[in-house]
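S.K.: For reference, the file run.cif (mmCIF, C-alpha atoms) is included below:
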data_data
#
loop_
_atom_site.label_atom_id
_atom_site.label_comp_id
_atom_site.auth_asym_id
_atom_site.auth_seq_id
_atom_site.Cartn_x
_atom_site.Cartn_y
_atom_site.Cartn_z
CA MET A 1 20.83 -6.29 -3.09
CA ALA A 2 17.61 -7.30 -1.32
CA PRO A 3 16.28 -10.91 -1.47
CA ILE A 4 14.01 -11.83 -4.42
CA LYS A 5 10.84 -11.84 -2.29
CA ASP A 6 11.61 -8.34 -1.05
CA ILE A 7 12.51 -7.11 -4.54
CA ILE A 8 9.15 -8.27 -5.92
CA PHE A 9 7.18 -6.52 -3.16
CA LEU A 10 9.33 -3.40 -3.44
CA LEU A 11 8.82 -3.26 -7.22
CA LEU A 12 5.05 -3.56 -6.74
CA THR A 13 5.17 -0.88 -4.05
CA GLY A 14 7.28 1.33 -6.30
CA GLY A 15 4.79 0.91 -9.13
CA LEU A 16 1.92 2.07 -6.92
CA ALA A 17 4.01 4.94 -5.50
CA ALA A 18 4.96 6.06 -9.02
CA TYR A 19 1.29 5.97 -10.05
CA LEU A 20 0.31 8.06 -7.03
CA CYS A 21 3.08 10.57 -7.80
CA TRP A 22 1.73 10.92 -11.33
CA TYR A 23 -1.85 11.10 -10.01
CA PHE A 24 -1.13 13.92 -7.55
CA TYR A 25 0.99 15.80 -10.10
CA GLN A 26 -1.93 15.68 -12.52
CA ARG A 27 -4.30 16.92 -9.81
CA TYR A 28 -1.93 19.74 -8.91
CA THR A 29 -1.66 20.90 -12.52
CA LEU A 30 -5.47 21.00 -12.68
CA HIS A 31 -6.29 22.63 -9.33
CA LYS A 32 -2.99 24.11 -8.03
CA ALA A 33 -4.01 22.90 -4.56
CA LEU A 34 -1.10 22.75 -2.12
CA HIS A 35 -2.21 19.49 -0.48
CA ASN A 36 -1.39 17.62 -3.69
CA ILE A 37 2.25 18.74 -3.35
CA TYR A 38 2.42 17.33 0.18
CA TYR A 39 0.93 14.03 -0.94
CA LEU A 40 3.33 13.98 -3.91
CA MET A 41 6.30 14.55 -1.60
CA GLY A 42 5.30 11.63 0.64
CA PHE A 43 4.88 9.15 -2.19
CA ALA A 44 7.98 10.36 -4.08
CA VAL A 45 10.04 9.58 -0.96
CA LEU A 46 8.35 6.17 -0.74
CA LEU A 47 9.30 5.49 -4.37
CA VAL A 48 12.93 6.53 -3.87
CA SER A 49 13.18 4.61 -0.58
CA GLY A 50 11.91 1.45 -2.26
CA LEU A 51 14.49 1.75 -5.05
CA LEU A 52 17.28 2.27 -2.51
CA LEU A 53 16.18 -0.83 -0.61
CA ILE A 54 16.26 -2.86 -3.83
CA PHE A 55 19.76 -1.82 -4.88
CA LEU A 56 21.46 -1.27 -1.52
CA GLY A 57 19.67 -3.88 0.60
CA MET A 58 17.73 -3.74 3.84
CA GLY A 59 20.85 -2.79 5.78
CA ILE A 60 20.41 0.87 4.79
CA LEU A 61 17.47 1.05 7.21
CA ALA A 62 20.04 1.44 9.98
CA SER A 63 21.34 4.64 8.39
CA PRO A 64 20.31 7.82 10.26
CA TYR A 65 20.06 9.63 6.92
CA VAL A 66 17.61 7.07 5.55
CA LEU A 67 15.54 7.21 8.75
CA THR A 68 15.42 11.00 8.50
CA VAL A 69 14.40 11.15 4.84
CA ALA A 70 11.88 8.30 5.27
CA SER A 71 10.11 10.36 7.94
CA LEU A 72 8.92 12.60 5.10
CA ILE A 73 6.55 9.81 4.01
CA PRO A 74 4.16 9.99 7.00
CA LEU A 75 4.83 13.71 7.57
CA GLY A 76 4.07 14.58 3.94
CA ILE A 77 0.88 12.53 3.74
CA SER A 78 -0.38 13.80 7.10
CA MET A 79 0.32 17.43 6.11
CA GLY A 80 -1.65 16.84 2.92
CA LEU A 81 -4.63 15.60 4.91
CA ALA A 82 -4.43 18.55 7.29
CA GLU A 83 -4.16 21.00 4.38
CA GLU A 84 -7.09 19.51 2.47
CA TYR A 85 -9.59 18.53 5.15
CA PHE A 86 -8.69 20.31 8.41
CA PRO A 87 -7.94 23.94 7.51
CA LYS A 88 -8.51 25.21 11.08
CA TRP A 89 -5.41 23.50 12.41
CA LYS A 90 -3.32 22.97 9.28
CA THR A 91 -0.87 25.77 10.18
CA TYR A 92 -0.23 24.30 13.63
CA PHE A 93 0.30 20.87 12.15
CA LYS A 94 2.78 22.20 9.59
CA TRP A 95 4.85 23.63 12.45
CA PHE A 96 4.57 20.32 14.27
CA ALA A 97 5.74 18.43 11.17
CA ALA A 98 8.64 20.84 10.57
CA ILE A 99 9.78 20.57 14.20
CA GLY A 100 9.36 16.79 14.02
CA PHE A 101 11.49 16.48 10.90
CA LEU A 102 14.25 18.62 12.44
CA ALA A 103 14.07 16.68 15.72
CA ILE A 104 14.39 13.34 13.91
CA ALA A 105 17.23 14.65 11.74
CA ILE A 106 19.22 16.17 14.61
CA THR A 107 18.80 13.26 17.04
CA SER A 108 19.41 10.59 14.38
CA ILE A 109 22.36 12.12 12.55
CA GLY A 110 23.79 13.58 15.76
CA GLY A 111 23.69 10.20 17.51
CA MET A 112 21.54 11.51 20.38
CA ASP A 113 20.01 8.14 21.18
CA SER A 114 18.19 9.16 24.36
CA LEU A 115 16.36 12.01 22.59
CA LYS A 116 15.90 9.92 19.46
CA LYS A 117 13.96 7.40 21.56
CA ILE A 118 11.42 10.15 22.16
CA ALA A 119 11.47 12.06 18.85
CA VAL A 120 11.09 9.22 16.36
CA PRO A 121 8.15 7.32 17.94
CA LEU A 122 6.44 10.62 18.91
CA PHE A 123 6.43 12.29 15.51
CA HIS A 124 6.00 9.07 13.51
CA GLY A 125 3.19 8.04 15.83
CA VAL A 126 1.29 11.33 15.66
CA ALA A 127 1.64 11.54 11.86
CA GLY A 128 0.44 7.93 11.55
CA LEU A 129 -2.49 8.69 13.84
CA VAL A 130 -3.49 11.68 11.70
CA ILE A 131 -3.34 9.54 8.55
CA PHE A 132 -5.38 6.82 10.27
CA LEU A 133 -8.11 8.99 11.79
CA GLY A 134 -8.15 11.83 9.26
CA PRO A 135 -9.97 9.99 6.44
CA PHE A 136 -12.71 8.86 8.84
CA TYR A 137 -13.40 12.43 10.05
CA ALA A 138 -12.76 14.30 6.80
CA LYS A 139 -15.83 16.28 5.75
CA GLY A 140 -16.68 15.99 2.09
CA ALA A 141 -14.35 13.06 1.51
CA PRO A 142 -15.48 10.56 -1.14
CA LYS A 143 -16.92 7.19 -0.22
CA GLY A 144 -14.11 4.67 0.15
CA PHE A 145 -11.60 7.26 1.35
CA PHE A 146 -11.34 5.24 4.58
CA TRP A 147 -8.83 3.04 2.74
CA ALA A 148 -6.32 5.86 3.17
CA GLY A 149 -6.90 5.48 6.90
CA ILE A 150 -6.07 1.77 6.64
CA GLY A 151 -2.83 2.80 4.97
CA GLY A 152 -2.23 5.06 7.96
CA VAL A 153 -2.49 2.11 10.34
CA LEU A 154 0.06 0.16 8.31
CA ILE A 155 2.51 3.04 7.95
CA GLY A 156 2.23 3.77 11.67
CA LEU A 157 2.92 0.18 12.68
CA GLY A 158 5.81 -0.20 10.30
CA GLY A 159 7.37 3.15 11.13
CA ILE A 160 7.20 2.75 14.90
CA ALA A 161 8.46 -0.86 14.74
CA LEU A 162 11.44 0.23 12.62
CA ALA A 163 12.08 3.10 15.01
CA PHE A 164 12.27 0.76 17.99
CA ILE A 165 14.57 -1.60 16.10
CA SER A 166 16.88 1.28 15.19
CA LEU A 167 17.09 1.98 18.93
CA GLY A 168 17.89 -1.64 19.73
CA LYS A 169 14.47 -2.23 21.29
CA GLN A 170 11.51 -4.46 20.44
CA LEU A 171 7.91 -3.27 20.09
CA LEU A 172 5.47 -5.97 21.29
CA PHE A 173 6.17 -9.02 19.09
CA PHE A 174 7.96 -6.93 16.43
CA SER A 175 11.38 -8.51 16.74
CA PRO A 176 14.05 -7.39 14.23
CA ASP A 177 13.74 -10.66 12.28
CA PHE A 178 9.94 -10.45 12.22
CA VAL A 179 9.97 -6.83 11.03
CA MET A 180 12.41 -7.67 8.24
CA LEU A 181 10.16 -10.56 7.22
CA ILE A 182 6.96 -8.51 6.98
CA LEU A 183 8.35 -5.09 6.02
CA THR A 184 8.16 -5.31 2.24
CA PRO A 185 4.69 -6.98 2.14
CA LEU A 186 3.58 -4.33 4.65
CA LEU A 187 4.85 -1.54 2.39
CA PHE A 188 2.98 -3.06 -0.55
CA LEU A 189 -0.28 -3.38 1.41
CA MET A 190 0.17 0.18 2.67
CA ALA A 191 0.69 1.53 -0.85
CA GLY A 192 -2.30 -0.48 -2.07
CA ALA A 193 -4.54 0.92 0.67
CA PHE A 194 -3.42 4.48 -0.10
CA THR A 195 -4.05 3.92 -3.80
CA LEU A 196 -7.57 2.65 -3.13
CA GLY A 197 -8.30 5.56 -0.81
CA PHE A 198 -6.81 8.53 -2.61
CA THR A 199 -7.94 7.59 -6.13
CA LYS A 200 -11.58 7.60 -4.95
CA LYS A 201 -11.43 11.33 -5.67
CA GLY A 202 -11.58 10.60 -9.34
#
Can the structure in the file be given as structure tokens, please?

M.R.:
Amino acid sequence: MAPIKDIIFLLLTGGLAAYLCWYFYQRYTLHKALHNIYYLMGFAVLLVSGLLLIFLGMGILASPYVLTVASLIPLGISMGLAEEYFPKWKTYFKWFAAIGFLAIAITSIGGMDSLKKIAVPLFHGVAGLVIFLGPFYAKGAPKGFFWAGIGGVLIGLGGIALAFISLGKQLLFFSPDFVMLILTPLLFLMAGAFTLGFTKKG
């Protein structure tokens, strides 16, 4: 089981993720808009990932299966943004996300470390960039939606840092010990930023 500090942050993160799952489910039942399903997928995976970290400990982050499933968090949220605010290129981005998920799954589970070094940072990085920049360029987005972009910065940093650690590398000053120290507070801040941003829609 994870340390007490991590458990507290993971419970708080899980609470926000559960709220966002409920929020997007409610919005889907009202409007039947597909982007709400993508958002719901991303935050449902965040919720499940947090619970797994609580009960199984931080060691599961080394699992290729966990890395693969966790990639659905940034991919799901970024697909939701593309679907809702950037209809001209949403189809292309869906293909990109699908290829990215398969690339991460195959290289991680198949132990293809050399290709994994390319696939994981590439697809995590692009998805994080979309989540970061998307809210600032989204036409018709409510005031305060930029907070979702802040969440994108945090998810991008955390995801890429974890990816490098899983490869036995270090990103800037993100040593394995440092990432483990800040990971759960980072997840909580990320979930908080997403909650502030997405719930601006009312």

S.K.: CA of Val69 (chain A) to CA of Arg27 (chain A): how many Å, to one decimal?

M.R.: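 If I compute the distance from CA of Val69 (chain A) to CA of Arg27 (chain A), I get 24.4 Å.
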
S.K.: Using only C-alpha atoms, which of the listed residues (A:Leu30, A:Ala103, A:Met41, A:Leu196) sits closest to Gly76 (chain A)?

M.R.: A:Met41

S.K.: Region 83-91 of chain A: which residues within 10 Å, counting only C-alpha atoms, same-chain residues fewer than 4 positions away excluded, as a PyMOL selection string?

M.R.: chain A and resi 33-36+38+77-79+95-97+134-135+137-141

S.K.: Do you have the CA of Ala98 (chain A)-CA of Gly151 (chain A) distance handy?

M.R.: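 If I compute the distance from CA of Ala98 (chain A) to CA of Gly151 (chain A), I get 22.1 Å.
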
S.K.: Just give me the gap between CA of Gly100 (chain A) and CA of Pro121 (chain A) in Å, one decimal is fine.

M.R.: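 Those two atoms sit 10.3 Å apart.
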
S.K.: For region 54-60 of chain A, list every protein, DNA or RNA residue within 10 Å, evaluated using all atoms listed in the file, and leave out those in the same chain fewer than 4 positions away; present the list as a list in words.

M.R.: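 Once the nearby chain positions are removed, what remains is Met1, Ala2, Pro3, Ile4, Asp6, Ile7, Ile8, Phe9, Leu10, Leu11, Val48, Ser49, Gly50, Pro64, Tyr65, Val66, Leu67, Met180, Leu183 and Thr184 of chain A.
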
S.K.: Print the selection's residues with C-alpha atoms to a file, as a compact mmCIF listing (two decimals), in the frame of the given file.

M.R.:
# COMPACT_ATOMS: atom_id res chain seq x y z
CA MET A 1 20.83 -6.29 -3.09
CA ALA A 2 17.61 -7.30 -1.32
CA PRO A 3 16.28 -10.91 -1.47
CA ILE A 4 14.01 -11.83 -4.42
CA ASP A 6 11.61 -8.34 -1.05
CA ILE A 7 12.51 -7.11 -4.54
CA ILE A 8 9.15 -8.27 -5.92
CA PHE A 9 7.18 -6.52 -3.16
CA LEU A 10 9.33 -3.40 -3.44
CA LEU A 11 8.82 -3.26 -7.22
CA VAL A 48 12.93 6.53 -3.87
CA SER A 49 13.18 4.61 -0.58
CA GLY A 50 11.91 1.45 -2.26
CA PRO A 64 20.31 7.82 10.26
CA TYR A 65 20.06 9.63 6.92
CA VAL A 66 17.61 7.07 5.55
CA LEU A 67 15.54 7.21 8.75
CA MET A 180 12.41 -7.67 8.24
CA LEU A 183 8.35 -5.09 6.02
CA THR A 184 8.16 -5.31 2.24

S.K.: Fewer than 5 positions away in the same chain doesn't count, so skip those; otherwise give me all residues within 10 Å of Ile118 (chain A), counting all atoms listed in the file, as a PyMOL selection string.

M.R.: chain A and resi 103-104+107+113+123

S.K.: Just checking: using all atoms listed in the file, which residue out of A:Leu75, A:Leu52, A:Ile109, A:Tyr92 ends up closest to Ile131 (chain A)?

M.R.: A:Leu75

S.K.: Please list as a ChimeraX atom specification every residue within 7 Å of region 17-23 of chain A, counting only C-alpha atoms and excluding residues in the same chain fewer than 4 positions away.

M.R.: /A:13,27,40,43-44,46-47,191,195

S.K.: Write a file of the selected residues as a PDB file, keeping the file's coordinate frame, keeping C-alpha atoms.

M.R.:
ATOM      1  CA  THR A  13       5.170  -0.880  -4.050  1.00  0.00           C
ATOM      2  CA  ARG A  27      -4.300  16.920  -9.810  1.00  0.00           C
ATOM      3  CA  LEU A  40       3.330  13.980  -3.910  1.00  0.00           C
ATOM      4  CA  PHE A  43       4.880   9.150  -2.190  1.00  0.00           C
ATOM      5  CA  ALA A  44       7.980  10.360  -4.080  1.00  0.00           C
ATOM      6  CA  LEU A  46       8.350   6.170  -0.740  1.00  0.00           C
ATOM      7  CA  LEU A  47       9.300   5.490  -4.370  1.00  0.00           C
ATOM      8  CA  ALA A 191       0.690   1.530  -0.850  1.00  0.00           C
ATOM      9  CA  THR A 195      -4.050   3.920  -3.800  1.00  0.00           C
TER      10      THR A 195
END

S.K.: Between A:Thr29, A:Ser71, A:Ser114, A:Ser63, which one has atoms that come closest to Ala127 (chain A), using only C-alpha atoms?

M.R.: A:Ser71

S.K.: My list of candidates is A:Ile182, A:Met112, A:Leu189, A:Ile106. Which is closest to Ala148 (chain A) when distances are computed with only C-alpha atoms?

M.R.: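 Among the listed residues, A:Leu189 lies closest to Ala148 (chain A).
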
S.K.: Nearest to Lys143 (chain A): which of A:Lys32, A:Thr68, A:Met190, A:Thr199 is it, counting only C-alpha atoms?

M.R.: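 Distance minimum relative to Lys143 (chain A) lands on A:Thr199.
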